[in-house]
$ cat coords_15.cif   # mmCIF, C-alpha atoms
data_work
#
loop_
_atom_site.label_atom_id
_atom_site.label_comp_id
_atom_site.auth_asym_id
_atom_site.auth_seq_id
_atom_site.Cartn_x
_atom_site.Cartn_y
_atom_site.Cartn_z
CA MET I 1 -231.08 -102.77 -156.17
CA THR I 2 -231.21 -99.06 -156.56
CA CYS I 3 -233.42 -98.11 -159.46
CA GLY I 4 -237.10 -98.38 -160.06
CA ASP I 5 -239.63 -97.97 -157.37
CA LEU I 6 -237.73 -99.44 -154.46
CA ALA I 7 -237.24 -97.48 -151.28
CA VAL I 8 -236.57 -98.55 -147.72
CA PRO I 9 -237.89 -97.43 -144.32
CA VAL I 10 -235.17 -96.35 -141.88
CA ILE I 11 -235.14 -94.87 -138.38
CA VAL I 12 -233.30 -91.62 -137.67
CA LEU I 13 -230.54 -92.04 -135.05
CA ALA I 14 -228.89 -88.62 -135.30
CA ILE I 15 -229.10 -85.45 -137.34
CA GLU I 16 -225.98 -83.68 -138.57
CA GLY I 17 -226.78 -80.57 -140.60
CA GLN I 18 -228.64 -81.51 -143.78
CA GLU I 19 -227.98 -85.21 -143.23
CA ALA I 20 -229.25 -87.89 -140.87
CA VAL I 21 -227.58 -91.05 -139.64
CA CYS I 22 -230.21 -93.72 -140.18
CA GLU I 23 -230.57 -97.46 -139.57
CA ASP I 24 -232.67 -99.92 -141.55
CA ARG I 25 -234.45 -102.99 -140.20
CA CYS I 26 -231.35 -105.13 -140.79
CA GLY I 27 -229.25 -102.83 -138.61
CA GLN I 28 -227.37 -101.32 -141.53
CA ARG I 29 -226.49 -97.64 -141.04
CA ALA I 30 -226.09 -94.93 -143.65
CA ARG I 31 -226.08 -91.16 -144.04
CA VAL I 32 -229.21 -89.81 -145.67
CA ALA I 33 -229.81 -86.43 -147.32
CA LEU I 34 -232.66 -84.46 -145.73
CA ASP I 35 -232.98 -81.75 -148.40
CA PHE I 36 -236.55 -82.74 -149.33
CA LEU I 37 -238.05 -83.03 -145.83
CA GLU I 38 -238.62 -80.45 -143.12
CA ASP I 39 -238.39 -80.81 -139.34
CA VAL I 40 -236.95 -84.32 -139.27
CA ARG I 41 -236.31 -85.52 -135.72
CA VAL I 42 -234.44 -88.37 -134.07
CA GLY I 43 -236.78 -91.38 -133.94
CA ASP I 44 -238.67 -90.47 -137.13
CA ILE I 45 -239.11 -93.25 -139.64
CA LEU I 46 -238.24 -92.10 -143.14
CA LEU I 47 -238.60 -93.59 -146.57
CA VAL I 48 -235.23 -93.40 -148.31
CA HIS I 49 -234.35 -93.87 -151.95
CA LEU I 50 -230.77 -93.56 -153.27
CA GLY I 51 -229.57 -92.00 -150.04
CA VAL I 52 -232.23 -89.28 -150.13
CA ALA I 53 -235.20 -89.15 -147.75
CA LEU I 54 -238.42 -88.75 -149.73
CA ALA I 55 -241.14 -89.13 -147.08
CA ARG I 56 -241.82 -89.44 -143.39
CA ILE I 57 -243.80 -92.56 -142.49
CA GLN I 58 -246.82 -91.56 -140.43
CA GLY I 59 -248.23 -93.74 -137.68
CA GLY I 60 -251.88 -92.78 -137.90
CA ASN I 61 -253.01 -94.68 -140.92
CA SER I 62 -251.17 -97.97 -140.82
CA CYS I 63 -252.54 -100.58 -143.19
CA ALA I 64 -252.58 -103.14 -140.39
CA THR I 65 -254.82 -100.86 -138.33
CA SER I 66 -257.33 -100.53 -141.11
CA MET I 67 -257.15 -104.26 -141.78
CA SER I 68 -258.39 -104.94 -138.27
CA SER I 69 -261.77 -103.69 -139.45
CA VAL I 70 -261.83 -106.38 -142.13
CA ILE I 71 -261.30 -109.04 -139.49
CA ARG I 72 -263.96 -107.57 -137.22
CA ASP I 73 -266.42 -107.45 -140.15
CA MET S 74 -239.36 -102.86 -137.69
CA ARG S 75 -242.71 -101.16 -137.42
CA TYR S 76 -244.51 -100.73 -140.76
CA VAL S 77 -242.99 -103.94 -142.11
CA ASP S 78 -243.60 -106.89 -139.79
CA GLU S 79 -247.29 -106.26 -139.13
CA LEU S 80 -247.88 -105.96 -142.87
CA ARG S 81 -246.76 -109.58 -143.31
CA ASP S 82 -249.02 -110.99 -140.58
CA PRO S 83 -250.47 -114.28 -141.97
CA ARG S 84 -253.69 -113.90 -139.96
CA LEU S 85 -254.43 -110.50 -141.48
CA ILE S 86 -253.39 -111.67 -144.94
CA ARG S 87 -255.77 -114.65 -144.79
CA ALA S 88 -258.58 -112.36 -143.62
CA VAL S 89 -258.12 -109.94 -146.53
CA ALA S 90 -257.83 -112.80 -149.02
CA ALA S 91 -261.12 -114.18 -147.69
CA GLU S 92 -262.76 -110.77 -148.05
CA ILE S 93 -261.52 -110.54 -151.65
CA ALA S 94 -262.95 -114.00 -152.38
CA ARG S 95 -266.29 -112.93 -150.87
CA LEU S 96 -266.44 -109.76 -152.95
CA VAL S 97 -265.61 -111.06 -156.43
CA ASP S 98 -268.37 -111.72 -158.90
CA PRO S 99 -267.76 -115.33 -160.03
CA ASP S 100 -269.18 -114.53 -163.48
CA ARG S 101 -266.75 -111.70 -164.10
CA HIS S 102 -263.08 -111.77 -165.13
CA TYR S 103 -261.04 -108.98 -163.52
CA ARG S 104 -257.90 -107.59 -165.14
CA ILE S 105 -255.95 -105.38 -162.74
CA MET S 106 -252.60 -103.84 -163.72
CA GLU S 107 -249.87 -103.24 -161.17
CA VAL S 108 -248.01 -100.40 -162.83
CA CYS S 109 -244.82 -100.67 -160.85
CA GLY S 110 -242.09 -103.29 -161.18
CA GLY S 111 -241.64 -103.24 -157.39
CA HIS S 112 -245.21 -104.47 -157.04
CA THR S 113 -244.64 -107.18 -159.65
CA HIS S 114 -241.62 -108.35 -157.69
CA ALA S 115 -243.55 -108.34 -154.39
CA ILE S 116 -246.53 -110.20 -155.90
CA TYR S 117 -244.35 -113.07 -157.08
CA ARG S 118 -242.02 -113.03 -154.08
CA HIS S 119 -244.88 -113.42 -151.64
CA GLY S 120 -246.93 -115.74 -153.86
CA LEU S 121 -249.93 -113.40 -153.75
CA THR S 122 -251.49 -114.73 -156.95
CA GLU S 123 -252.01 -118.02 -155.10
CA LEU S 124 -254.22 -116.20 -152.60
CA LEU S 125 -256.47 -114.64 -155.25
CA PRO S 126 -259.53 -116.16 -156.92
CA PRO S 127 -258.68 -117.47 -160.41
CA ASN S 128 -260.83 -114.83 -162.10
CA ILE S 129 -258.57 -112.01 -160.85
CA GLU S 130 -255.76 -111.58 -163.35
CA LEU S 131 -252.85 -109.32 -162.46
CA ILE S 132 -251.27 -107.62 -165.48
CA HIS S 133 -247.69 -106.46 -165.09
CA GLY S 134 -247.19 -102.86 -166.16
CA PRO S 135 -244.33 -100.78 -167.53
CA GLY S 136 -242.94 -99.50 -164.21
CA CYS S 137 -239.47 -101.00 -164.41
CA PRO S 138 -237.16 -98.27 -165.74
CA VAL S 139 -234.40 -100.66 -166.78
CA CYS S 140 -236.93 -102.69 -168.77
CA VAL S 141 -238.39 -99.79 -170.74
CA LEU S 142 -235.05 -98.23 -171.70
CA PRO S 143 -234.31 -98.92 -175.39
CA MET S 144 -231.05 -100.68 -176.18
CA GLY S 145 -229.96 -97.65 -178.23
CA ARG S 146 -229.82 -95.50 -175.09
CA ILE S 147 -227.61 -98.12 -173.42
CA ASP S 148 -225.29 -98.03 -176.45
CA ASP S 149 -225.27 -94.22 -176.23
CA GLY S 150 -224.29 -94.42 -172.56
CA LEU S 151 -221.58 -96.97 -173.27
CA ALA S 152 -220.19 -94.73 -176.02
CA LEU S 153 -219.66 -92.13 -173.28
CA ALA S 154 -217.93 -94.76 -171.15
CA GLU S 155 -215.38 -95.29 -173.95
CA GLN S 156 -214.35 -91.62 -174.06
CA PRO S 157 -210.83 -90.93 -172.79
CA ASP S 158 -210.49 -89.84 -169.15
CA VAL S 159 -214.13 -90.64 -168.37
CA ILE S 160 -215.32 -92.52 -165.30
CA PHE S 161 -218.77 -93.83 -166.17
CA THR S 162 -221.06 -94.54 -163.21
CA ALA S 163 -224.32 -96.47 -163.09
CA PHE S 164 -226.63 -98.26 -160.67
CA GLY S 165 -225.93 -101.92 -159.99
CA ASP S 166 -228.92 -103.17 -161.94
CA MET S 167 -227.68 -101.44 -165.10
CA MET S 168 -224.40 -103.36 -165.06
CA ARG S 169 -225.78 -106.51 -166.69
CA VAL S 170 -228.05 -104.80 -169.21
CA PRO S 171 -226.83 -105.69 -172.70
CA GLY S 172 -226.13 -103.14 -175.41
CA ARG S 173 -225.28 -104.32 -178.92
CA ARG S 174 -221.61 -104.85 -178.03
CA GLY S 175 -222.03 -106.13 -174.52
CA THR S 176 -223.03 -105.12 -171.02
CA PRO S 177 -221.38 -102.39 -168.92
CA LEU S 178 -219.61 -105.20 -167.03
CA GLU S 179 -218.19 -106.53 -170.30
CA TYR S 180 -217.11 -103.04 -171.36
CA ARG S 181 -215.35 -102.73 -168.01
CA ALA S 182 -213.55 -106.04 -168.62
CA ARG S 183 -212.37 -104.57 -171.94
CA GLY S 184 -210.85 -101.58 -170.15
CA ALA S 185 -213.54 -98.91 -169.79
CA ASP S 186 -213.61 -97.25 -166.35
CA ILE S 187 -217.16 -98.13 -165.32
CA ARG S 188 -218.13 -98.05 -161.67
CA MET S 189 -221.25 -99.02 -159.80
CA VAL S 190 -222.75 -96.41 -157.46
CA TYR S 191 -225.61 -96.58 -155.00
CA SER S 192 -226.62 -92.94 -155.46
CA PRO S 193 -225.87 -90.10 -157.90
CA LEU S 194 -224.49 -88.29 -154.85
CA ASP S 195 -221.77 -90.97 -154.71
CA ALA S 196 -220.95 -90.28 -158.37
CA LEU S 197 -220.52 -86.60 -157.51
CA LYS S 198 -218.15 -87.51 -154.66
CA LEU S 199 -216.16 -89.56 -157.16
CA ALA S 200 -215.83 -86.46 -159.35
CA GLN S 201 -214.52 -84.50 -156.36
CA ALA S 202 -212.01 -87.25 -155.65
CA HIS S 203 -210.80 -87.39 -159.29
CA PRO S 204 -210.44 -83.81 -160.54
CA ASP S 205 -208.31 -85.03 -163.50
CA LYS S 206 -211.20 -87.19 -164.80
CA HIS S 207 -214.73 -86.48 -165.97
CA VAL S 208 -217.41 -88.48 -164.19
CA VAL S 209 -220.61 -89.28 -166.09
CA PHE S 210 -223.63 -90.59 -164.22
CA PHE S 211 -226.10 -92.78 -166.15
CA ALA S 212 -229.39 -91.47 -164.73
CA ILE S 213 -232.35 -93.78 -165.04
CA GLY S 214 -235.63 -94.13 -163.21
CA PHE S 215 -239.07 -92.69 -162.66
CA GLU S 216 -240.08 -89.80 -160.43
CA THR S 217 -238.85 -91.70 -157.35
CA THR S 218 -235.30 -91.49 -158.62
CA ALA S 219 -235.29 -88.17 -160.49
CA PRO S 220 -235.22 -86.01 -157.30
CA ALA S 221 -231.90 -87.57 -156.24
CA THR S 222 -230.43 -86.73 -159.64
CA ALA S 223 -231.82 -83.19 -159.38
CA LEU S 224 -230.35 -82.75 -155.90
CA THR S 225 -226.98 -84.01 -157.13
CA LEU S 226 -226.92 -81.50 -160.00
CA MET S 227 -227.93 -78.67 -157.68
CA LYS S 228 -225.03 -79.59 -155.38
CA ALA S 229 -222.64 -79.85 -158.36
CA LYS S 230 -223.63 -76.36 -159.47
CA ALA S 231 -223.48 -74.89 -155.97
CA LEU S 232 -220.04 -76.39 -155.36
CA GLY S 233 -218.78 -75.48 -158.84
CA ILE S 234 -217.88 -79.08 -159.70
CA ARG S 235 -217.32 -78.98 -163.48
CA ASN S 236 -215.91 -82.47 -164.10
CA PHE S 237 -219.31 -84.11 -163.64
CA SER S 238 -222.26 -84.61 -165.95
CA VAL S 239 -225.45 -86.65 -166.18
CA PHE S 240 -226.67 -88.78 -169.09
CA CYS S 241 -230.36 -88.30 -168.40
CA ASN S 242 -232.86 -91.10 -169.05
CA HIS S 243 -235.50 -90.28 -166.46
CA VAL S 244 -239.03 -91.15 -167.52
CA LEU S 245 -242.49 -90.24 -166.21
CA ILE S 246 -245.15 -92.70 -165.15
CA VAL S 247 -248.31 -90.75 -166.00
CA PRO S 248 -247.74 -90.57 -169.79
CA ALA S 249 -247.03 -94.31 -169.75
CA ILE S 250 -250.32 -95.04 -167.96
CA ARG S 251 -252.14 -92.85 -170.49
CA ALA S 252 -250.44 -94.69 -173.37
CA ILE S 253 -251.58 -98.00 -171.91
CA LEU S 254 -255.13 -96.75 -171.50
CA ASP S 255 -255.12 -95.55 -175.12
CA SER S 256 -253.70 -98.82 -176.43
CA PRO S 257 -256.40 -100.66 -178.42
CA ASP S 258 -255.37 -104.12 -177.22
CA MET S 259 -255.59 -103.23 -173.52
CA ARG S 260 -258.69 -104.03 -171.53
CA LEU S 261 -258.22 -103.27 -167.85
CA ASP S 262 -260.58 -102.96 -164.90
CA GLY S 263 -258.32 -100.97 -162.60
CA PHE S 264 -254.81 -100.07 -161.52
CA ILE S 265 -252.64 -100.72 -158.50
CA GLY S 266 -250.85 -97.36 -158.56
CA PRO S 267 -247.14 -96.89 -157.90
CA GLY S 268 -246.31 -96.23 -154.27
CA HIS S 269 -242.93 -94.61 -154.18
CA VAL S 270 -243.32 -92.56 -157.35
CA SER S 271 -246.37 -91.15 -155.60
CA THR S 272 -244.37 -90.03 -152.55
CA VAL S 273 -242.96 -87.48 -154.99
CA ILE S 274 -245.85 -86.68 -157.37
CA GLY S 275 -248.74 -87.40 -154.97
CA CYS S 276 -252.10 -88.80 -156.09
CA ARG S 277 -253.58 -85.91 -158.04
CA PRO S 278 -251.79 -86.67 -161.35
CA TYR S 279 -253.78 -89.91 -161.59
CA LEU S 280 -257.21 -88.27 -161.39
CA PHE S 281 -257.61 -88.47 -165.20
CA VAL S 282 -257.60 -92.29 -164.95
CA ALA S 283 -260.88 -92.20 -163.02
CA ARG S 284 -262.36 -89.08 -164.61
CA ASP S 285 -261.54 -89.65 -168.30
CA TYR S 286 -261.29 -93.45 -168.50
CA GLY S 287 -263.64 -94.53 -165.70
CA LYS S 288 -261.06 -96.84 -164.07
CA PRO S 289 -260.26 -97.14 -160.34
CA LEU S 290 -256.66 -96.53 -159.31
CA VAL S 291 -255.41 -97.29 -155.80
CA VAL S 292 -251.94 -96.07 -154.83
CA SER S 293 -250.41 -99.00 -152.96
CA GLY S 294 -247.60 -99.94 -150.62
CA PHE S 295 -245.34 -102.90 -151.27
CA GLU S 296 -245.93 -105.29 -148.39
CA PRO S 297 -248.26 -108.28 -148.96
CA LEU S 298 -251.05 -106.74 -146.91
CA ASP S 299 -250.70 -103.44 -148.78
CA ILE S 300 -251.14 -105.08 -152.16
CA LEU S 301 -254.04 -107.27 -151.09
CA GLN S 302 -255.80 -104.33 -149.47
CA SER S 303 -255.35 -102.32 -152.67
CA ILE S 304 -256.91 -105.13 -154.70
CA LEU S 305 -259.78 -105.20 -152.20
CA MET S 306 -260.25 -101.42 -152.55
CA ILE S 307 -260.36 -101.74 -156.36
CA LEU S 308 -262.90 -104.58 -156.13
CA ARG S 309 -265.06 -102.52 -153.77
CA GLN S 310 -265.04 -99.61 -156.22
CA LEU S 311 -266.00 -101.95 -159.07
CA ALA S 312 -268.76 -103.59 -157.00
CA GLU S 313 -270.18 -100.19 -156.07
CA GLY S 314 -269.84 -98.77 -159.60
CA ARG S 315 -267.28 -96.18 -158.52
CA ALA S 316 -264.11 -95.05 -160.32
CA GLU S 317 -261.87 -93.06 -158.01
CA VAL S 318 -258.26 -92.49 -157.09
CA GLU S 319 -257.69 -93.79 -153.57
CA ASN S 320 -254.58 -93.85 -151.43
CA GLN S 321 -253.98 -97.14 -149.64
CA TYR S 322 -250.38 -96.06 -148.87
CA SER S 323 -251.31 -92.92 -146.95
CA ARG S 324 -248.85 -93.77 -144.18
CA VAL S 325 -246.16 -92.75 -146.70
CA VAL S 326 -247.78 -90.98 -149.66
CA PRO S 327 -249.09 -87.43 -149.14
CA TRP S 328 -251.99 -86.61 -151.48
CA ASN S 329 -250.02 -83.67 -152.92
CA GLY S 330 -246.62 -85.39 -153.00
CA ASN S 331 -243.31 -83.90 -151.93
CA ARG S 332 -243.24 -80.20 -152.80
CA ALA S 333 -239.48 -79.76 -152.26
CA ALA S 334 -238.62 -82.74 -154.49
CA LEU S 335 -240.98 -81.50 -157.22
CA ALA S 336 -239.44 -78.02 -157.03
CA ALA S 337 -235.94 -79.49 -157.45
CA MET S 338 -237.10 -81.49 -160.46
CA ALA S 339 -238.72 -78.39 -161.98
CA GLU S 340 -235.46 -76.46 -161.61
CA VAL S 341 -233.15 -79.07 -163.05
CA PHE S 342 -235.25 -80.83 -165.71
CA GLU S 343 -237.39 -80.02 -168.73
CA LEU S 344 -239.81 -82.27 -170.59
CA ARG S 345 -238.51 -83.97 -173.70
CA PRO S 346 -240.95 -83.58 -176.63
CA TYR S 347 -240.95 -87.36 -176.98
CA PHE S 348 -238.98 -90.40 -175.81
CA GLU S 349 -238.82 -94.01 -176.93
CA TRP S 350 -239.96 -96.70 -174.48
CA ARG S 351 -238.98 -100.27 -175.08
CA GLY S 352 -242.14 -102.20 -175.83
CA LEU S 353 -244.36 -99.13 -175.97
CA GLY S 354 -242.71 -97.05 -178.70
CA PHE S 355 -242.48 -93.27 -178.73
CA ILE S 356 -244.57 -91.45 -176.09
CA SER S 357 -244.82 -87.68 -176.17
CA GLN S 358 -243.69 -85.67 -173.13
CA SER S 359 -242.86 -88.86 -171.27
CA ALA S 360 -239.26 -88.20 -170.24
CA LEU S 361 -236.97 -85.56 -168.78
CA LYS S 362 -233.90 -83.81 -170.11
CA ILE S 363 -231.57 -81.43 -168.31
CA SER S 364 -232.67 -77.80 -168.35
CA GLU S 365 -230.75 -74.90 -169.90
CA ALA S 366 -229.74 -73.69 -166.45
CA TYR S 367 -227.83 -76.96 -165.93
CA ALA S 368 -226.61 -77.39 -169.54
CA ASP S 369 -222.97 -77.50 -168.40
CA TRP S 370 -223.75 -80.71 -166.50
CA ASP S 371 -225.62 -82.38 -169.38
CA ALA S 372 -223.56 -85.24 -170.85
CA GLU S 373 -225.60 -85.11 -174.06
CA ARG S 374 -224.38 -81.54 -174.65
CA ARG S 375 -220.83 -82.01 -173.41
CA PHE S 376 -220.15 -85.12 -175.49
CA ASP S 377 -221.01 -86.24 -178.98
CA VAL S 378 -223.66 -88.85 -178.17
CA PRO S 379 -224.22 -91.06 -181.22
CA GLY S 380 -228.03 -91.34 -180.87
CA VAL S 381 -228.17 -95.05 -181.62
CA ARG S 382 -231.48 -96.74 -182.49
CA VAL S 383 -231.69 -100.51 -182.10
CA THR S 384 -234.58 -102.76 -182.97
CA ASP S 385 -235.30 -105.42 -180.35
CA PRO S 386 -234.73 -109.06 -181.33
CA LYS S 387 -237.84 -110.14 -183.20
CA ALA S 388 -238.20 -113.38 -181.28
CA ALA S 389 -238.38 -111.61 -177.90
CA GLN S 390 -241.94 -110.57 -177.05
CA CYS S 391 -241.12 -108.00 -174.37
CA GLY S 392 -243.58 -105.48 -175.78
CA GLU S 393 -246.51 -107.89 -175.52
CA VAL S 394 -245.51 -108.83 -171.96
CA LEU S 395 -245.03 -105.15 -171.01
CA LYS S 396 -248.55 -104.37 -172.17
CA GLY S 397 -249.95 -107.42 -170.44
CA VAL S 398 -251.03 -109.08 -173.70
CA LEU S 399 -248.80 -112.08 -172.92
CA LYS S 400 -247.73 -113.64 -169.62
CA PRO S 401 -243.94 -114.01 -169.19
CA ALA S 402 -244.00 -117.77 -169.71
CA GLN S 403 -245.99 -117.35 -172.94
CA CYS S 404 -243.01 -115.67 -174.65
CA LYS S 405 -241.29 -118.14 -176.98
CA LEU S 406 -237.86 -117.45 -175.48
CA PHE S 407 -238.79 -117.49 -171.78
CA GLY S 408 -236.73 -119.90 -169.69
CA ARG S 409 -234.97 -121.31 -172.76
CA GLU S 410 -232.87 -118.81 -174.72
CA CYS S 411 -233.81 -115.97 -172.33
CA THR S 412 -232.90 -116.50 -168.66
CA PRO S 413 -231.61 -114.18 -165.89
CA GLU S 414 -228.10 -115.55 -166.54
CA HIS S 415 -228.36 -114.85 -170.29
CA PRO S 416 -231.09 -112.24 -170.76
CA ILE S 417 -232.20 -111.43 -174.29
CA GLY S 418 -235.16 -109.22 -173.49
CA ALA S 419 -235.09 -106.32 -171.09
CA LEU S 420 -237.76 -107.79 -168.82
CA MET S 421 -235.36 -110.56 -167.85
CA VAL S 422 -232.48 -108.23 -167.01
CA SER S 423 -233.71 -106.29 -164.03
CA ASN S 424 -234.94 -108.02 -160.88
CA GLU S 425 -238.01 -105.81 -161.15
CA GLY S 426 -238.76 -107.01 -164.67
CA ALA S 427 -241.84 -109.18 -164.93
CA CYS S 428 -239.96 -112.04 -166.60
CA ALA S 429 -237.11 -112.07 -164.06
CA ALA S 430 -239.57 -111.99 -161.16
CA TYR S 431 -241.65 -114.79 -162.69
CA TYR S 432 -238.50 -116.81 -163.40
CA HIS S 433 -237.11 -116.44 -159.86
CA TYR S 434 -240.29 -117.09 -157.90
CA VAL S 435 -242.50 -119.27 -160.10
CA HIS S 436 -240.62 -120.93 -162.93
CA ARG S 437 -237.53 -122.00 -160.95
CA LEU S 438 -239.53 -123.30 -158.01
CA ALA S 439 -241.84 -125.21 -160.35
CA ALA S 440 -238.80 -126.71 -162.11
CA ALA S 441 -237.30 -127.69 -158.73
CA GLY S 442 -240.59 -129.33 -157.81
CA ARG S 443 -240.54 -131.37 -161.01
CA ASP S 444 -237.01 -132.54 -160.19
CA ASP S 445 -238.01 -133.78 -156.70
#
$ encode --input "coords_15.cif" --output "structure tokens"
Amino acid sequence: MTCGDLAVPVIVLAIEGQEAVCEDRCGQRARVALDFLEDVRVGDILLVHLGVALARIQGGNSCATSMSSVIRD
Amino acid sequence: MRYVDELRDPRLIRAVAAEIARLVDPDRHYRIMEVCGGHTHAIYRHGLTELLPPNIELIHGPGCPVCVLPMGRIDDGLALAEQPDVIFTAFGDMMRVPGRRGTPLEYRARGADIRMVYSPLDALKLAQAHPDKHVVFFAIGFETTAPATALTLMKAKALGIRNFSVFCNHVLIVPAIRAILDSPDMRLDGFIGPGHVSTVIGCRPYLFVARDYGKPLVVSGFEPLDILQSILMILRQLAEGRAEVENQYSRVVPWNGNRAALAAMAEVFELRPYFEWRGLGFISQSALKISEAYADWDAERRFDVPGVRVTDPKAAQCGEVLKGVLKPAQCKLFGRECTPEHPIGALMVSNEGACAAYYHYVHRLAAAGRDD
């Protein structure tokens, strides 16, 4: 599935110029264009759509973290 | 992987479902639209409606680009595929979408050179590999997808690749949301906003939904916990009498979007004055065309595109389902004449379409249960 609103999180394994070698949660590797993101580093988790990285996934505001407050309440 | 597994934790999911049940007013019926087809798919795949109180109704919105593309545009694209020395490229989920004379797969069986690509960048590589052919890419999708097309055209121009062009069908989500809000037969309490479109456009373009129409909109991720938390955030706004744009998916979506992707789109595309949406009709300034600066890579200028207009089969009620007036199974053709194997309406063609999602995850399982 490539169209619509689907995108997948991948981890950056290596950076080669304007591209990164990335791996998804199933272990599948692909080259990803980095033209729309700055300062990407090995170990970053990126959101990729159609072979292009669109966003960097940030750790600070994970949904699961905020859900813990629901359980505590 | 982090950001996926913890968002499917049954303990957390049960806790949020319980909080939703505690918060709903039993005397009120809630109609919440998930705009995006990816959310529709996730809702059915994970059985989330089973976890919600019966007075929360999820309405499936227009955010499946394959579903809202009129059949005439598919015929126009396939007319390009029949041109001599053309390699026509499209995403996998376009290959089974029927035009009047068949699907791209059927055209290919009749001899057209039609190839499936994962990315427009792959279509450009194909053009480099076949300098004696002209490669056309069938571009479709919302703002999530448009930046990849823009990047591809910028690379084509920079590299001087002239045997490549794009048949542009990119559409914009905000005009569609406005059209839904202006539709007289729509009565909604709030929106689950598109997640990945918003990585590009950010959250600000939705502010009119709260300001002008008084409806909450929560930009949401796609995991079960994301969607349930977004519903909870909408219910909290309604309970407190608020109407705001909130960002549940802030681990991915920056409030102001992706500036570089927006700049690429601004360079490569222009707004069309109007564009036809299947089920919704003509919506002004709701789609993109290729800008003058990239006219040499615009398939609509390089080829004589017929400009076909096709009326949908009268029996199919895609428009009513797209606007949430009917549920998929309430369409007269659903599961009988119209199935994923033999789709008649567009909502059955793409996996993200509401009818296909309902068929795969609800209808088929219910039928299997009856057979047991």
$ atom_distance --input "coords_15.cif" --atom1 "atom CA of S:Ala90" --atom2 "atom CA of S:Glu313"
19.0 Å
$ atom_distance --input "coords_15.cif" --atom1 "atom CA of S:Asn128" --atom2 "atom CA of S:Tyr279"
25.9 Å
$ resolve_selection --input "coords_15.cif" --expression "the PyMOL selection byres ((chain S and resi 292-298) around 8)" --output "ChimeraX atom specification"
/I:63-64 /S:77,80-82,85-86,89,111-112,115-116,119,121,265-269,271,276,290-291,299-303,318-322
$ resolve_selection --input "coords_15.cif" --expression "the PyMOL selection byres ((chain I and resi 29) around 12)" --output "MDAnalysis selection string"
chainID I and resid 9:14 20:28 30:32 51
$ closest_residue --input "coords_15.cif" --among "S:Arg104, S:His114, S:Arg251, S:Arg188" --to "chain I" --atoms "all atoms listed in the file"
S:His114
$ atom_distance --input "coords_15.cif" --atom1 "atom CA of S:Leu131" --atom2 "atom CA of S:Phe355"
25.1 Å
$ residues_around --input "coords_15.cif" --residues "S:Arg374" --least-positions-apart "4" --cutoff "10 Å" --atoms "only C-alpha atoms" --output "short mmCIF file (atom, residue, chain, number, x, y, z; two decimals) with C-alpha atoms, in the coordinates of the input"
data_model
loop_
_atom_site.label_atom_id
_atom_site.label_comp_id
_atom_site.auth_asym_id
_atom_site.auth_seq_id
_atom_site.Cartn_x
_atom_site.Cartn_y
_atom_site.Cartn_z
CA SER S 238 -222.26 -84.61 -165.95
CA VAL S 239 -225.45 -86.65 -166.18
CA PHE S 240 -226.67 -88.78 -169.09
CA ILE S 363 -231.57 -81.43 -168.31
CA ALA S 368 -226.61 -77.39 -169.54
CA ASP S 369 -222.97 -77.50 -168.40
CA TRP S 370 -223.75 -80.71 -166.50
CA VAL S 378 -223.66 -88.85 -178.17
#
$ closest_residue --input "coords_15.cif" --among "S:Leu361, S:Ile417, S:Ala88, S:Leu245" --to "S:Ala388" --atoms "only C-alpha atoms"
S:Ile417
$ closest_residue --input "coords_15.cif" --among "I:Val48, I:Leu34, I:Ile57, I:Val42" --to "chain S" --atoms "only C-alpha atoms"
I:Ile57
$ closest_residue --input "coords_15.cif" --among "S:Leu280, S:Leu226, S:Leu232, S:Ala212" --to "chain I" --atoms "only C-alpha atoms"
S:Ala212
$ resolve_selection --input "coords_15.cif" --expression "the PyMOL selection byres ((chain I and resi 50) around 9)" --output "MDAnalysis selection string"
(chainID I and resid 2:3 7 32 48:49 51:53) or (chainID S and resid 191:194 218 221)
$ closest_residue --input "coords_15.cif" --among "S:Pro99, S:Pro204, S:Pro157, S:Gly426" --to "S:Pro127" --atoms "only C-alpha atoms"
S:Pro99
